[in-house]
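Please read the structure below before turning to the comments.
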Amino acid sequence: MRAIDDDTEIKLAVLRKLQQWGSLPESDVSRMLRQYFLVTDDFRDMAEEGLIDMEFAGDEYVLKVAVVGKLFLEQAEAGE
């Protein structure tokens, strides 16, 4: 993620969209969450953390929630 102090809100927004819709192309996620100005590097950072899986299909990445992402989302929602 870019130079912001706490990107948890962005991660949770992405994970919630993916949990709601299942696998989605990165362009769809970026469009759905336009207020965050997400780019491929943001998704790569989340994939490196183990929150999402990225698979190249066609001409772009398809994103889906990874096991660690499900746990991260459950833990965040339990804390709210």
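Residue numbering restarts at 1 for every chain of the structure tokens, chains are lettered A, B, ... in their displayed order, and ligands are numbered from 1 as they appear.
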Residues within 9 Å of Ile52 (chain A), only C-alpha atoms, excluding chain neighbours under 2 positions, as a count of residues only: 18
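Residues of chain A that DSSP, applied to the backbone, places in strand (DSSP E or B): Leu24, Pro25, Ile52, Asp53, Met54, Glu55, Phe56, Ala57, Glu60, Tyr61, Val62, Leu63, Lys64 and Val65 of chain A.
Between CA of Asp45 (chain A) and CA of Gly79 (chain A) lies a distance of 23.5 Å.
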In chain A, DSSP alpha helix (DSSP H) residues written as a VMD selection string: chain A and resid 8 to 21 26 to 32 40 to 48 67 to 79
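Checking A:Gln19, A:Glu55, A:Thr40, A:Gln35 one by one against Glu74 (chain A), counting only C-alpha atoms, you find the shortest gap at A:Gln19.
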Nearest to Ser30 (chain A): which of A:Leu73, A:Ala78, A:Phe56, A:Tyr61 is it, counting only C-alpha atoms? A:Tyr61
